[in-house]
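J.: I'm passing along protein.csv; it holds CSV, C-alpha atoms.
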```
chain,number,residue,atom,x,y,z
Q,1,MET,CA,-10.7,39.3,21.4
Q,2,SER,CA,-13.3,41.1,23.6
Q,3,LEU,CA,-16.9,39.9,23.8
Q,4,SER,CA,-19.8,41.9,25.1
Q,5,LEU,CA,-21.8,40.0,27.7
Q,6,GLN,CA,-24.6,42.5,27.8
Q,7,GLY,CA,-28.0,40.8,27.4
Q,8,LYS,CA,-26.6,37.2,27.2
Q,9,THR,CA,-27.9,34.5,29.6
Q,10,ILE,CA,-25.7,32.4,31.8
Q,11,LEU,CA,-26.9,29.4,33.9
Q,12,ILE,CA,-25.0,28.9,37.2
Q,13,THR,CA,-25.3,25.9,39.4
Q,14,GLY,CA,-24.3,25.8,43.1
Q,15,ALA,CA,-25.2,29.5,43.2
Q,16,SER,CA,-26.6,29.8,46.7
Q,17,SER,CA,-23.2,30.7,48.2
Q,18,GLY,CA,-19.4,30.9,47.5
Q,19,ILE,CA,-18.0,30.9,44.0
Q,20,GLY,CA,-21.4,30.5,42.4
Q,21,ALA,CA,-23.0,33.4,44.2
Q,22,ALA,CA,-19.9,35.6,43.5
Q,23,THR,CA,-20.0,34.6,39.8
Q,24,ALA,CA,-23.7,35.5,39.5
Q,25,THR,CA,-23.0,38.9,41.1
Q,26,ALA,CA,-20.2,39.6,38.6
Q,27,CYS,CA,-22.2,38.5,35.6
Q,28,VAL,CA,-25.2,40.7,36.6
Q,29,THR,CA,-22.8,43.6,37.0
Q,30,GLN,CA,-21.8,43.1,33.3
Q,31,GLY,CA,-25.5,43.1,32.2
Q,32,MET,CA,-26.0,39.4,31.9
Q,33,ARG,CA,-29.2,37.6,32.7
Q,34,CYS,CA,-28.4,35.1,35.3
Q,35,VAL,CA,-30.4,31.9,35.9
Q,36,ILE,CA,-29.2,30.5,39.2
Q,37,THR,CA,-29.9,27.2,40.8
Q,38,ALA,CA,-29.1,25.4,44.1
Q,39,ARG,CA,-30.9,23.2,46.6
Q,40,ARG,CA,-31.2,25.9,49.3
Q,41,GLU,CA,-34.2,27.8,48.0
Q,42,ASP,CA,-34.2,30.4,50.7
Q,43,ARG,CA,-30.6,31.5,50.0
Q,44,LEU,CA,-31.2,31.3,46.3
Q,45,ASN,CA,-34.2,33.7,46.6
Q,46,THR,CA,-32.2,36.0,48.8
Q,47,LEU,CA,-29.5,36.3,46.3
Q,48,ALA,CA,-32.0,36.8,43.4
Q,49,ASP,CA,-33.7,39.6,45.4
Q,50,GLU,CA,-30.3,41.3,45.9
Q,51,LEU,CA,-29.3,41.1,42.3
Q,52,GLY,CA,-32.7,42.3,40.9
Q,53,GLU,CA,-34.7,41.5,37.8
Q,54,LEU,CA,-31.7,40.2,35.8
Q,55,CYS,CA,-31.4,37.2,38.2
Q,56,VAL,CA,-33.8,34.3,37.9
Q,57,PRO,CA,-33.8,31.6,40.7
Q,58,ILE,CA,-34.7,28.0,40.0
Q,59,ALA,CA,-34.3,25.8,43.1
Q,60,GLY,CA,-33.6,22.1,42.8
Q,61,ASP,CA,-31.1,19.3,42.9
Q,62,VAL,CA,-29.0,18.7,39.8
Q,63,THR,CA,-28.5,15.1,40.7
Q,64,GLU,CA,-32.3,14.5,40.5
Q,65,ARG,CA,-33.4,12.7,37.4
Q,66,GLY,CA,-34.8,15.0,34.8
Q,67,PHE,CA,-33.9,18.2,36.7
Q,68,ASN,CA,-31.1,19.3,34.3
Q,69,GLU,CA,-33.4,19.0,31.3
Q,70,ARG,CA,-36.1,21.1,33.1
Q,71,LEU,CA,-33.5,23.6,34.2
Q,72,LEU,CA,-32.4,24.3,30.6
Q,73,GLU,CA,-36.0,24.5,29.4
Q,74,GLU,CA,-36.8,27.1,32.0
Q,75,ALA,CA,-33.6,29.0,31.5
Q,76,GLY,CA,-34.3,29.4,27.8
Q,77,ASP,CA,-31.6,30.3,25.2
Q,78,VAL,CA,-28.4,30.3,27.3
Q,79,TYR,CA,-25.1,31.6,26.0
Q,80,ALA,CA,-23.0,30.2,28.9
Q,81,VAL,CA,-23.3,27.5,31.6
Q,82,PHE,CA,-21.1,27.6,34.7
Q,83,VAL,CA,-21.2,24.1,36.1
Q,84,ASN,CA,-20.2,24.9,39.6
Q,85,ALA,CA,-22.2,22.6,42.0
Q,86,GLY,CA,-20.0,20.3,44.0
Q,87,HIS,CA,-18.9,19.1,47.5
Q,88,GLY,CA,-16.0,17.5,49.3
Q,89,LEU,CA,-15.4,14.4,51.4
Q,90,ASP,CA,-12.9,14.0,54.2
Q,91,GLN,CA,-12.1,10.3,54.1
Q,92,GLU,CA,-9.1,8.1,53.6
Q,93,MET,CA,-9.3,6.0,50.4
Q,94,ILE,CA,-8.9,2.8,52.4
Q,95,ASP,CA,-12.3,3.5,53.9
Q,96,CYS,CA,-14.0,4.4,50.5
Q,97,ASN,CA,-15.7,1.1,49.7
Q,98,VAL,CA,-17.8,2.2,46.7
Q,99,ASP,CA,-20.7,-0.1,47.6
Q,100,LYS,CA,-20.7,0.7,51.3
Q,101,CYS,CA,-19.5,4.3,51.3
Q,102,GLN,CA,-22.6,6.4,50.2
Q,103,GLY,CA,-20.6,9.6,50.5
Q,104,PHE,CA,-18.1,8.5,47.8
Q,105,ARG,CA,-20.9,7.6,45.4
Q,106,LYS,CA,-22.9,10.8,46.1
Q,107,LEU,CA,-19.8,12.9,45.6
Q,108,PHE,CA,-19.3,11.5,42.1
Q,109,GLU,CA,-23.0,11.8,41.3
Q,110,LEU,CA,-22.8,15.5,42.0
Q,111,ASN,CA,-19.2,16.5,41.0
Q,112,VAL,CA,-19.0,14.4,37.9
Q,113,PHE,CA,-22.2,12.7,36.6
Q,114,ALA,CA,-24.6,15.6,37.1
Q,115,ALA,CA,-21.9,18.1,35.8
Q,116,VAL,CA,-21.3,16.1,32.6
Q,117,GLU,CA,-25.0,15.6,32.0
Q,118,LEU,CA,-25.7,19.3,32.2
Q,119,ALA,CA,-22.7,20.2,30.1
Q,120,SER,CA,-23.7,17.7,27.4
Q,121,LEU,CA,-27.3,18.9,27.3
Q,122,ALA,CA,-26.2,22.6,27.1
Q,123,ALA,CA,-23.7,21.8,24.4
Q,124,HIS,CA,-26.4,20.4,22.1
Q,125,GLN,CA,-28.3,23.7,22.3
Q,126,MET,CA,-25.1,25.7,21.8
Q,127,VAL,CA,-24.0,23.7,18.8
Q,128,GLU,CA,-27.4,24.5,17.1
Q,129,ASN,CA,-26.8,28.2,17.9
Q,130,LYS,CA,-23.1,27.9,16.7
Q,131,SER,CA,-22.2,29.9,19.8
Q,132,GLY,CA,-21.8,29.4,23.5
Q,133,HIS,CA,-19.4,28.8,26.4
Q,134,ILE,CA,-19.4,25.9,28.8
Q,135,LEU,CA,-17.4,26.4,32.0
Q,136,LEU,CA,-16.7,23.5,34.3
Q,137,CYS,CA,-15.5,24.3,37.8
Q,138,THR,CA,-12.8,21.9,38.7
Q,139,SER,CA,-10.1,22.7,41.2
Q,140,CYS,CA,-6.3,23.1,41.6
Q,141,LEU,CA,-6.6,19.6,43.1
Q,142,SER,CA,-7.4,18.3,39.6
Q,143,LYS,CA,-3.6,18.7,39.1
Q,144,PHE,CA,-2.4,16.9,42.3
Q,145,ALA,CA,-3.8,14.8,45.2
Q,146,THR,CA,-3.8,15.3,48.9
Q,147,PRO,CA,-4.3,12.8,51.8
Q,148,GLN,CA,-7.9,12.1,52.9
Q,149,HIS,CA,-9.3,13.8,49.8
Q,150,GLY,CA,-8.7,11.2,47.1
Q,151,ALA,CA,-12.4,11.1,46.1
Q,152,TYR,CA,-12.7,14.8,45.7
Q,153,CYS,CA,-9.3,15.1,43.8
Q,154,ALA,CA,-10.4,12.2,41.5
Q,155,SER,CA,-13.7,13.8,40.8
Q,156,LYS,CA,-12.1,17.1,39.8
Q,157,SER,CA,-9.5,15.3,37.7
Q,158,ALA,CA,-12.2,13.5,35.9
Q,159,LEU,CA,-14.0,16.8,35.2
Q,160,GLU,CA,-10.9,18.4,33.9
Q,161,ALA,CA,-10.4,15.5,31.4
Q,162,VAL,CA,-14.0,15.9,30.3
Q,163,ALA,CA,-13.4,19.6,29.7
Q,164,LYS,CA,-10.3,18.9,27.6
Q,165,SER,CA,-12.2,16.3,25.5
Q,166,MET,CA,-15.2,18.6,25.0
Q,167,ARG,CA,-13.0,21.5,24.0
Q,168,MET,CA,-11.4,19.5,21.2
Q,169,GLU,CA,-14.7,18.0,20.1
Q,170,LEU,CA,-16.5,21.3,19.9
Q,171,LYS,CA,-13.6,23.4,18.5
Q,172,SER,CA,-15.1,23.9,15.1
Q,173,SER,CA,-18.6,24.4,16.3
Q,174,GLY,CA,-18.3,27.9,17.7
Q,175,VAL,CA,-18.7,26.6,21.3
Q,176,HIS,CA,-16.0,27.3,23.8
Q,177,VAL,CA,-15.2,25.0,26.7
Q,178,SER,CA,-13.2,26.1,29.8
Q,179,SER,CA,-12.2,24.5,33.0
Q,180,VAL,CA,-11.9,26.7,36.1
Q,181,HIS,CA,-9.3,25.8,38.8
Q,182,PRO,CA,-9.9,27.7,42.1
Q,183,ILE,CA,-6.9,27.5,44.5
Q,184,GLY,CA,-8.1,28.8,47.9
Q,185,THR,CA,-11.5,30.5,48.6
Q,186,THR,CA,-13.3,31.7,51.7
Q,187,THR,CA,-16.5,29.7,51.4
Q,188,GLU,CA,-18.7,27.2,53.3
Q,189,PHE,CA,-16.9,24.4,51.5
Q,190,PHE,CA,-14.7,23.4,54.4
Q,191,ASP,CA,-17.5,23.4,57.0
Q,192,SER,CA,-19.9,21.4,54.8
Q,193,SER,CA,-17.2,18.9,53.9
Q,194,ALA,CA,-16.5,18.3,57.5
Q,195,THR,CA,-20.2,17.9,58.4
Q,196,ARG,CA,-20.8,15.5,55.6
Q,197,SER,CA,-17.8,13.4,56.6
Q,198,GLY,CA,-18.6,13.3,60.3
Q,199,VAL,CA,-15.5,15.2,61.5
Q,200,LEU,CA,-15.1,18.4,63.5
Q,201,GLU,CA,-12.9,20.1,61.0
Q,202,SER,CA,-12.0,19.6,57.4
Q,203,GLU,CA,-8.4,18.7,56.7
Q,204,PHE,CA,-8.6,21.1,53.8
Q,205,ALA,CA,-8.9,24.0,56.3
Q,206,ARG,CA,-5.6,23.1,57.9
Q,207,GLN,CA,-3.6,22.8,54.6
```
For this file, produce the structure as structure tokens.

T.:
Amino acid sequence: MSLSLQGKTILITGASSGIGAATATACVTQGMRCVITARREDRLNTLADELGELCVPIAGDVTERGFNERLLEEAGDVYAVFVNAGHGLDQEMIDCNVDKCQGFRKLFELNVFAAVELASLAAHQMVENKSGHILLCTSCLSKFATPQHGAYCASKSALEAVAKSMRMELKSSGVHVSSVHPIGTTTEFFDSSATRSGVLESEFARQ
């Protein structure tokens, strides 16, 4: 069944580069109103300028308390939410002491907790409208694990499980839930993962 996206609003997180920015471009091309968010305000505004009046930037951090609520309020009546913000961590699990390893905790705060919060908040609005689509960006690594990326793989596996549960729970409400599983993309992901982990090059880039 085909669905016209013309005039519908989509909210995209992690939209300053990579998959998020590409998705915003594709959606605007289809006539959608795109509300984009990311922490890097300069890049966000540059993308919004490129895409024109259909693209609305709202800079901020989805892990910050209260930001997701404000984001949805400012976005207005959204048809779809693409929960895409996330990052990686190059670190062996033997070194991932949850209390001492801030990188591990911050990864889950962004990749899982903030993602679930936004999806849940958006779902309430969509259920009232009896229409909508929640898309959670997981990864092919939600299906299998790799060395030195256990934390990232675990976060994406958790997000896939959330998507499956939400899909069943919302089946009769008119709200669709999808998980997106990128395999290999040319983005800043590898460089930012290496920088965050204190290594010269991400192991992901060599696999």

J.: In Å, with one decimal, what is the gap from atom CA of Gly14 of chain Q to atom CA of Leu44 of chain Q?

T.: 9.4 Å

J.: Return the single residue from Q:Gln30, Q:Gly184, Q:Ala48, Q:Lys156 that is closest to Gly18 of chain Q, with distances computed using only C-alpha atoms.

T.: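 Smallest distance to Gly18 of chain Q is found for Q:Gly184.
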
J.: Quick one: pull the distance between atom CA of Asp95 of chain Q and atom CA of Leu136 of chain Q, Å, one decimal.

T.: 28.3 Å

J.: Hey, what's within 9 Å of Leu51 of chain Q if we count all atoms listed in the file and toss same-chain stuff fewer than 6 positions away? As a ChimeraX atom specification, please?

T.: /Q:24-25,28-29

J.: For the residues in the current selection, export C-alpha atoms as a CSV table (one decimal), keeping the file's coordinate frame.

T.:
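File written: again.csv
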```csv
chain,number,residue,atom,x,y,z
Q,24,ALA,CA,-23.7,35.5,39.5
Q,25,THR,CA,-23.0,38.9,41.1
Q,28,VAL,CA,-25.2,40.7,36.6
Q,29,THR,CA,-22.8,43.6,37.0
```

J.: List every protein, DNA or RNA residue that has at least one atom no more than 10 Å from (-8.5, 17.0, 48.2) in the file's coordinates, counting all atoms listed in the file, and write the result as a ChimeraX atom specification.

T.: /Q:88-91,139-142,144-156,203-204,207
